[in-house]
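Asks: For reference, the structure I am asking about is given below.
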Amino acid sequence: MKRIRLNTEKKHLLIVAAFVWMMAGLILFWRGIVYFQMINGWQMALIGSIIGGILFFKVLFVRISSKHILRITGMKKEKPNVFLFFNLKSYFLMAIMIFLGVMIRKSGIFRLSDLSFFYFFMGIPLFLSSIRFVRAWKFQFRSAEKK
């Protein structure tokens, strides 16, 4: 049986990363918006989530996305596996975060309306990071065309 190889040009890993981070951000946005409707005065919670999410992006996610962008653009292999947009540590952290998110939501410890702030808050840095990946891809693409 022939083995399927999922290799792509390394610059396209930036688009794969952008897509994955954007989808995660949009899923969290969606959950947050749906649950915000349960809150009296949801507008203030939304504004707080936006401000907090942008600050969290600036403090932590700029550094995280920069590390991934540098790792991808610095790869020696021209056609790495498509799943190498994350390193092993990032896959592990992502699995833990998804597991904990599901467990917290299903446990009933917090009301869904309380989680809306957190969902929207976390969606913002993920979405903004995805934009950084797209911008890095555009830079790589334009640089490659000019050569």
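For the structure tokens, the naming scheme is as follows: chains receive sequential letters (A, B, ...) according to their order of presentation, residues are indexed from 1 within each chain, and ligands are indexed from 1 in presentation order.
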Please identify which residues in chain A DSSP calls alpha helix (DSSP H) from the backbone, and express them as a ChimeraX atom specification.
Replies: /A:10-36,42-56,62-73,88-107,112-146
Asks: Counting only C-alpha atoms, what is within 12 Å of Ile51 in chain A, bar same-chain residues fewer than 2 positions away, as a ChimeraX atom specification?
Replies: /A:44-49,53-58,117,120-122,124-125
Asks: Restrict the selected residues to N, CA and C atoms and save them as a short mmCIF file (atom, residue, chain, number, x, y, z; two decimals), in the first residue's frame.
Replies:
```
data_model
loop_
_atom_site.label_atom_id
_atom_site.label_comp_id
_atom_site.auth_asym_id
_atom_site.auth_seq_id
_atom_site.Cartn_x
_atom_site.Cartn_y
_atom_site.Cartn_z
N MET A 44 -20.94 45.29 28.71
CA MET A 44 -19.74 45.58 29.51
C MET A 44 -18.82 44.35 29.59
N ALA A 45 -19.42 43.18 29.70
CA ALA A 45 -18.61 41.95 29.71
C ALA A 45 -17.89 41.79 28.38
N LEU A 46 -18.58 42.13 27.30
CA LEU A 46 -17.97 42.03 25.97
C LEU A 46 -16.80 43.00 25.84
N ILE A 47 -17.00 44.23 26.28
CA ILE A 47 -15.92 45.22 26.23
C ILE A 47 -14.73 44.77 27.08
N GLY A 48 -15.01 44.24 28.26
CA GLY A 48 -13.94 43.71 29.12
C GLY A 48 -13.20 42.56 28.47
N SER A 49 -13.93 41.69 27.79
CA SER A 49 -13.31 40.57 27.09
C SER A 49 -12.40 41.06 25.97
N GLY A 53 -8.55 40.47 26.06
CA GLY A 53 -8.02 39.62 25.00
C GLY A 53 -6.90 40.29 24.23
N ILE A 54 -7.05 41.59 23.96
CA ILE A 54 -6.00 42.32 23.25
C ILE A 54 -4.75 42.42 24.12
N LEU A 55 -4.93 42.69 25.40
CA LEU A 55 -3.77 42.76 26.31
C LEU A 55 -3.07 41.40 26.39
N PHE A 56 -3.86 40.33 26.49
CA PHE A 56 -3.29 38.98 26.57
C PHE A 56 -2.52 38.66 25.28
N PHE A 57 -3.06 39.08 24.15
CA PHE A 57 -2.37 38.92 22.88
C PHE A 57 -1.02 39.63 22.92
N LYS A 58 -1.02 40.88 23.36
CA LYS A 58 0.21 41.68 23.39
C LYS A 58 1.24 41.09 24.35
N PHE A 117 -17.27 35.18 28.99
CA PHE A 117 -16.18 36.15 29.07
C PHE A 117 -14.87 35.47 28.69
N PHE A 120 -14.65 34.39 24.83
CA PHE A 120 -14.40 35.52 23.94
C PHE A 120 -13.00 36.09 24.18
N PHE A 121 -12.61 36.17 25.44
CA PHE A 121 -11.29 36.66 25.84
C PHE A 121 -10.19 35.84 25.15
N MET A 122 -10.31 34.53 25.14
CA MET A 122 -9.29 33.67 24.55
C MET A 122 -9.37 33.62 23.02
N ILE A 124 -9.83 36.15 21.07
CA ILE A 124 -9.17 37.33 20.50
C ILE A 124 -7.68 37.09 20.23
N PRO A 125 -6.88 36.64 21.20
CA PRO A 125 -5.46 36.43 20.88
C PRO A 125 -5.23 35.34 19.83
#
```
Asks: Can you measure CA of Phe29 in chain A to CA of Thr73 in chain A for me? One decimal in Å is fine.
Replies: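 These two atoms are separated by 29.0 Å.
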Asks: For Lys77 in chain A, list every protein, DNA or RNA residue within 12 Å, evaluated using only C-alpha atoms, and leave out those in the same chain fewer than 3 positions away; present the list as JSON, numbers by chain.
Replies: {"A": [7, 8, 9, 10, 11, 13, 71, 72, 73, 74, 80, 81, 82, 84]}
Asks: Write the residues of the selection above to a file with C-alpha atoms, as a compact mmCIF listing (two decimals), in the first residue's frame.
Replies:
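Result went into selection_30.txt, see below:
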```
# COMPACT_ATOMS: atom_id res chain seq x y z
CA ASN A 7 4.17 17.55 2.67
CA THR A 8 3.93 21.14 1.58
CA GLU A 9 6.21 24.09 1.02
CA LYS A 10 7.23 25.57 4.34
CA LYS A 11 5.74 28.96 3.50
CA LEU A 13 2.74 25.98 6.81
CA ARG A 71 10.55 28.12 13.58
CA ILE A 72 8.57 27.59 10.37
CA THR A 73 10.50 30.09 8.25
CA GLY A 74 13.79 28.76 9.59
CA PRO A 80 8.05 19.56 5.55
CA ASN A 81 5.05 17.62 6.77
CA VAL A 82 1.91 19.75 6.93
CA LEU A 84 4.79 20.63 11.52
```
Asks: So how many Å separate CA of Lys138 in chain A and CA of Lys76 in chain A, to one decimal?
Replies: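 Taking CA of Lys138 in chain A as the start and CA of Lys76 in chain A as the end point, the length is 19.7 Å.
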Asks: What's the separation between CA of Asp114 in chain A and CA of Leu126 in chain A, in Å to one decimal place?
Replies: 19.9 Å
